[in-house]
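Asker: Just so it is clear, I am handing over start-v8.cif, which has mmCIF, C-alpha atoms.
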```
data_data
#
loop_
_atom_site.label_atom_id
_atom_site.label_comp_id
_atom_site.auth_asym_id
_atom_site.auth_seq_id
_atom_site.Cartn_x
_atom_site.Cartn_y
_atom_site.Cartn_z
CA MET A 1 142.88 171.37 43.21
CA CYS A 2 145.45 174.06 44.07
CA VAL A 3 144.16 177.60 43.66
CA LEU A 4 145.78 181.04 43.56
CA ASP A 5 143.61 184.10 44.21
CA ILE A 6 145.38 187.18 42.78
CA ALA A 7 144.79 190.48 44.62
CA GLY A 8 142.47 188.50 46.86
CA GLY A 9 142.19 191.16 49.57
CA THR A 10 140.39 189.72 52.58
CA GLY A 11 139.91 186.41 50.81
CA ILE A 12 136.18 186.54 50.14
CA LEU A 13 136.60 184.47 46.97
CA SER A 14 139.35 182.32 48.49
CA ARG A 15 137.06 181.27 51.34
CA ALA A 16 134.22 180.55 48.91
CA ILE A 17 136.50 178.28 46.84
CA ALA A 18 138.15 176.60 49.86
CA PRO A 19 135.57 173.80 50.34
CA PHE A 20 136.22 172.63 46.77
CA ALA A 21 140.03 172.85 46.82
CA LYS A 22 142.98 171.12 48.39
CA ASN A 23 144.48 174.51 49.21
CA VAL A 24 144.02 178.15 48.25
CA ILE A 25 146.59 180.92 48.37
CA CYS A 26 145.17 184.41 48.71
CA ALA A 27 147.86 186.78 47.41
CA ASP A 28 147.60 190.52 48.01
CA LEU A 29 149.88 193.53 48.48
CA SER A 30 147.90 194.88 51.45
CA GLN A 31 148.93 193.23 54.71
CA GLU A 32 145.96 194.92 56.43
CA MET A 33 143.51 193.21 54.05
CA LEU A 34 145.28 189.87 54.49
CA ASN A 35 145.15 190.19 58.29
CA GLU A 36 141.40 190.72 58.08
CA GLY A 37 141.16 187.66 55.84
CA VAL A 38 142.98 185.53 58.41
CA LYS A 39 140.51 186.70 61.08
CA GLN A 40 137.52 185.92 58.86
CA SER A 41 138.91 182.48 57.97
CA LYS A 42 139.34 181.60 61.65
CA LYS A 43 135.85 182.89 62.42
CA GLU A 44 134.37 180.77 59.59
CA GLY A 45 136.48 177.70 60.38
CA VAL A 46 138.29 177.74 57.03
CA SER A 47 141.72 176.16 57.42
CA ASN A 48 142.98 175.57 53.87
CA VAL A 49 143.52 179.20 52.81
CA ASP A 50 147.01 180.68 53.14
CA PHE A 51 147.29 184.47 53.07
CA LYS A 52 150.49 185.74 51.42
CA ASN A 53 151.77 189.29 51.13
CA VAL A 54 152.85 189.28 47.49
CA ASP A 55 153.50 191.71 44.65
CA VAL A 56 151.30 190.06 42.03
CA GLN A 57 153.49 191.46 39.22
CA HIS A 58 156.26 189.15 40.45
CA LEU A 59 154.65 186.02 41.84
CA PRO A 60 157.05 183.97 44.01
CA PHE A 61 155.69 180.66 42.72
CA GLN A 62 157.12 178.13 40.30
CA GLU A 63 155.73 177.74 36.80
CA ASP A 64 152.75 175.47 36.24
CA CYS A 65 151.83 174.92 39.89
CA PHE A 66 148.14 175.98 40.16
CA ASP A 67 145.07 174.32 38.68
CA LEU A 68 143.05 177.52 38.96
CA VAL A 69 144.29 181.12 39.04
CA VAL A 70 141.61 183.72 39.74
CA SER A 71 141.30 187.45 40.15
CA ARG A 72 138.08 189.00 41.44
CA LEU A 73 137.82 192.78 41.29
CA GLY A 74 141.56 193.26 41.07
CA PHE A 75 142.28 194.16 37.45
CA HIS A 76 140.86 197.69 37.72
CA HIS A 77 143.63 198.38 40.30
CA PHE A 78 146.51 197.20 38.08
CA VAL A 79 148.72 199.71 36.29
CA GLU A 80 150.06 196.99 33.96
CA PRO A 81 147.40 194.31 33.47
CA TYR A 82 149.55 192.53 30.85
CA LYS A 83 152.19 191.83 33.52
CA ILE A 84 149.57 190.42 35.87
CA LEU A 85 148.00 188.14 33.27
CA SER A 86 151.48 187.05 32.19
CA GLU A 87 152.21 185.97 35.76
CA MET A 88 148.82 184.29 36.09
CA ASP A 89 149.54 182.35 32.90
CA ARG A 90 153.05 181.43 34.04
CA VAL A 91 151.92 179.84 37.31
CA CYS A 92 148.82 178.12 35.89
CA LYS A 93 149.25 174.46 34.95
CA PRO A 94 148.78 173.44 31.31
CA GLY A 95 145.09 172.66 30.98
CA GLY A 96 144.35 174.75 34.08
CA THR A 97 141.94 177.66 34.25
CA ILE A 98 142.47 181.41 34.54
CA GLU A 99 139.37 183.28 35.71
CA ILE A 100 138.98 187.06 35.81
CA VAL A 101 135.93 188.75 37.30
CA ASP A 102 135.97 192.53 37.25
CA MET A 103 134.16 195.71 36.40
CA ILE A 104 134.26 196.74 32.76
CA SER A 105 134.14 200.16 31.16
CA PRO A 106 131.99 201.22 28.26
CA GLU A 107 133.57 200.62 24.83
CA GLU A 108 133.04 204.22 23.74
CA ASN A 109 136.22 206.19 24.58
CA GLN A 110 134.56 209.28 26.07
CA LEU A 111 132.40 207.16 28.39
CA PHE A 112 135.45 205.02 29.22
CA ARG A 113 137.37 208.12 30.36
CA LEU A 114 134.40 209.57 32.27
CA TYR A 115 133.58 206.29 34.04
CA ASN A 116 137.18 205.78 35.15
CA HIS A 117 137.47 209.42 36.22
CA TYR A 118 134.51 209.00 38.60
CA GLU A 119 135.87 205.69 39.89
CA ARG A 120 139.24 207.32 40.67
CA LEU A 121 137.47 210.13 42.53
CA ARG A 122 135.64 207.56 44.63
CA ASP A 123 138.58 205.20 45.06
CA PRO A 124 142.13 206.55 44.56
CA SER A 125 143.46 202.98 44.19
CA HIS A 126 141.39 202.57 41.01
CA VAL A 127 143.50 202.72 37.83
CA ASN A 128 141.19 201.76 34.95
CA ALA A 129 138.30 199.40 34.52
CA LEU A 130 139.13 197.80 31.21
CA LYS A 131 136.73 197.49 28.30
CA GLU A 132 135.46 194.05 27.31
CA SER A 133 137.56 194.39 24.15
CA ASN A 134 140.66 195.05 26.30
CA PHE A 135 140.13 191.80 28.21
CA ILE A 136 139.67 189.89 24.95
CA GLU A 137 142.91 191.45 23.60
CA LEU A 138 144.73 190.43 26.78
CA PHE A 139 143.67 186.80 26.45
CA LYS A 140 144.48 186.74 22.73
CA TYR A 141 147.92 188.26 23.35
CA PHE A 142 148.82 185.32 25.61
CA GLU A 143 147.06 182.85 23.29
CA LEU A 144 144.62 181.90 26.03
CA LYS A 145 141.37 180.31 24.97
CA ILE A 146 138.27 182.10 26.25
CA LYS A 147 135.91 179.34 27.35
CA HIS A 148 133.26 181.62 28.79
CA ASN A 149 132.64 185.35 28.65
CA ASP A 150 129.72 186.82 30.53
CA ILE A 151 128.74 190.40 31.26
CA GLN A 152 126.13 191.17 33.87
CA ASN A 153 124.70 194.52 34.76
CA ALA A 154 124.85 194.85 38.51
CA PRO A 155 122.53 197.36 40.13
CA PHE A 156 124.16 199.35 42.86
CA ASN A 157 123.27 201.78 45.59
CA LEU A 158 125.25 204.99 45.15
CA ARG A 159 125.47 205.82 48.85
CA ARG A 160 126.75 202.30 49.71
CA TRP A 161 129.12 202.48 46.73
CA LEU A 162 130.66 205.64 48.21
CA GLU A 163 130.75 204.23 51.75
CA LEU A 164 132.55 201.10 50.57
CA THR A 165 135.76 203.04 49.94
CA LYS A 166 135.17 205.65 52.64
CA THR A 167 135.07 208.36 50.00
CA ASP A 168 136.04 211.83 51.20
CA ASN A 169 132.98 213.96 52.10
CA GLN A 170 133.72 216.70 49.54
CA ILE A 171 134.13 214.15 46.75
CA ARG A 172 131.05 212.29 48.00
CA LYS A 173 128.99 215.49 47.72
CA LYS A 174 130.35 216.17 44.24
CA LEU A 175 129.48 212.68 43.02
CA LEU A 176 126.03 212.77 44.63
CA MET A 177 125.31 216.11 42.90
CA ILE A 178 126.25 214.61 39.55
CA TRP A 179 123.97 211.64 40.12
CA LEU A 180 121.06 213.51 41.73
CA THR A 181 118.91 213.70 38.66
CA PRO A 182 115.38 212.29 38.31
CA LYS A 183 116.59 209.42 36.08
CA ASN A 184 119.21 208.33 38.64
CA GLU A 185 117.25 208.60 41.89
CA GLU A 186 116.46 204.87 41.89
CA VAL A 187 120.15 204.05 42.49
CA LEU A 188 120.26 206.14 45.66
#
```
Rewrite the structure of this file - the entire thing - as structure tokens.

Answerer:
Amino acid sequence: MCVLDIAGGTGILSRAIAPFAKNVICADLSQEMLNEGVKQSKKEGVSNVDFKNVDVQHLPFQEDCFDLVVSRLGFHHFVEPYKILSEMDRVCKPGGTIEIVDMISPEENQLFRLYNHYERLRDPSHVNALKESNFIELFKYFELKIKHNDIQNAPFNLRRWLELTKTDNQIRKKLLMIWLTPKNEEVL
């Protein structure tokens, strides 16, 4: 199986898939992330993952060349998700699989805006976490069959969440103040 990992960063998913694939290409725009992925692959003894510095809106691959095209936690960084899914579809073989794993926003518009506002404060590279309905629309637009759709609530630790993106101290304090209420203390 030939696999393409879109916006794969350091290749966490690529390395997890590698034992089950002929080869995996981890495509990302950040050379720094890719360099870290190369280091981790060497450290873990993974030899069938290639790290490519690629603009995922314009994939440099021929049509119909991957059995599996995945994106894990990338779509909330994309300004034009339709372009990305279009490219994923273009390079995926007929009968292949496109898999997207990402955060989703609440369906209600006010909560959608608020959630994405806080995410952008924490992580300036965040654009929008799409709603479940947005993902369904995307797949329907490209006439892609949804074989499985699963939503899981993932508990998180607020302090670790802020550390993950090295959130600025002033913004960190602001977000902690918002969340420091009795009902939210368990996430700290």

Asker: Record the distance separating atom CA of A:Arg90 and atom CA of A:Gly37, expressed in Å with one decimal.

Answerer: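 Value for the atom CA of A:Arg90-atom CA of A:Gly37 distance: 25.6 Å.
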
Asker: Starting from the displayed file, determine the output of the PyMOL selection byres ((chain A and resi 54) around 6) and express the residue list as a PDB file with C-alpha atoms, in the coordinates of the input.

Answerer:
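Final file, part-v8.pdb:
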```pdb
ATOM      1  CA  ALA A  27     147.860 186.780  47.410  1.00  0.00           C
ATOM      2  CA  ASP A  28     147.600 190.520  48.010  1.00  0.00           C
ATOM      3  CA  LEU A  29     149.880 193.530  48.480  1.00  0.00           C
ATOM      4  CA  LYS A  52     150.490 185.740  51.420  1.00  0.00           C
ATOM      5  CA  ASN A  53     151.770 189.290  51.130  1.00  0.00           C
ATOM      6  CA  ASP A  55     153.500 191.710  44.650  1.00  0.00           C
ATOM      7  CA  VAL A  56     151.300 190.060  42.030  1.00  0.00           C
TER       8      VAL A  56
END
```

Asker: Quote the spacing between atom CA of A:Phe66 and atom CA of A:Gly96 in Å to one decimal place.

Answerer: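 One can read the atom CA of A:Phe66 to atom CA of A:Gly96 distance as 7.3 Å.
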
Asker: Which is closest to A:Ser47 among A:Arg15, A:Lys145, A:Lys166, A:Lys93, if we use only C-alpha atoms?

Answerer: A:Arg15

Asker: Return the padded bounding box of stretch 116-134 of chain A as JSON: axis-aligned, built from all atoms listed in the file, 3 Å added on each side, with centre and edge lengths in Å to one decimal.

Answerer:
```
{"center_x": 139.0, "center_y": 202.1, "center_z": 34.6, "size_x": 15.0, "size_y": 22.1, "size_z": 26.9}
```

Asker: What does the PyMOL selection byres ((chain A and resi 102-113) around 7) select in this file, as a ChimeraX atom specification?

Answerer: /A:72-75,100-101,114-117,129-132

Asker: Choose the residue, out of A:Phe78, A:Ala16, A:Asn48, A:Ala7, that has the smallest atom-to-atom separation from A:Gln31; count all atoms listed in the file.

Answerer: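 Nearest candidate to A:Gln31 out of A:Phe78, A:Ala16, A:Asn48, A:Ala7: A:Ala7.
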
Asker: Could you tell me which of A:Thr97, A:Ser86, A:Asn169, A:Asn35 comes closest to A:Val69 if we count all atoms listed in the file?

Answerer: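 Residue with the minimum atom-to-atom distance to A:Val69: A:Thr97.
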
Asker: Report the distance between atom CA of A:Phe142 and atom CA of A:Asp89 in Å, rounded to one decimal place.

Answerer: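 The value is 7.9 Å.
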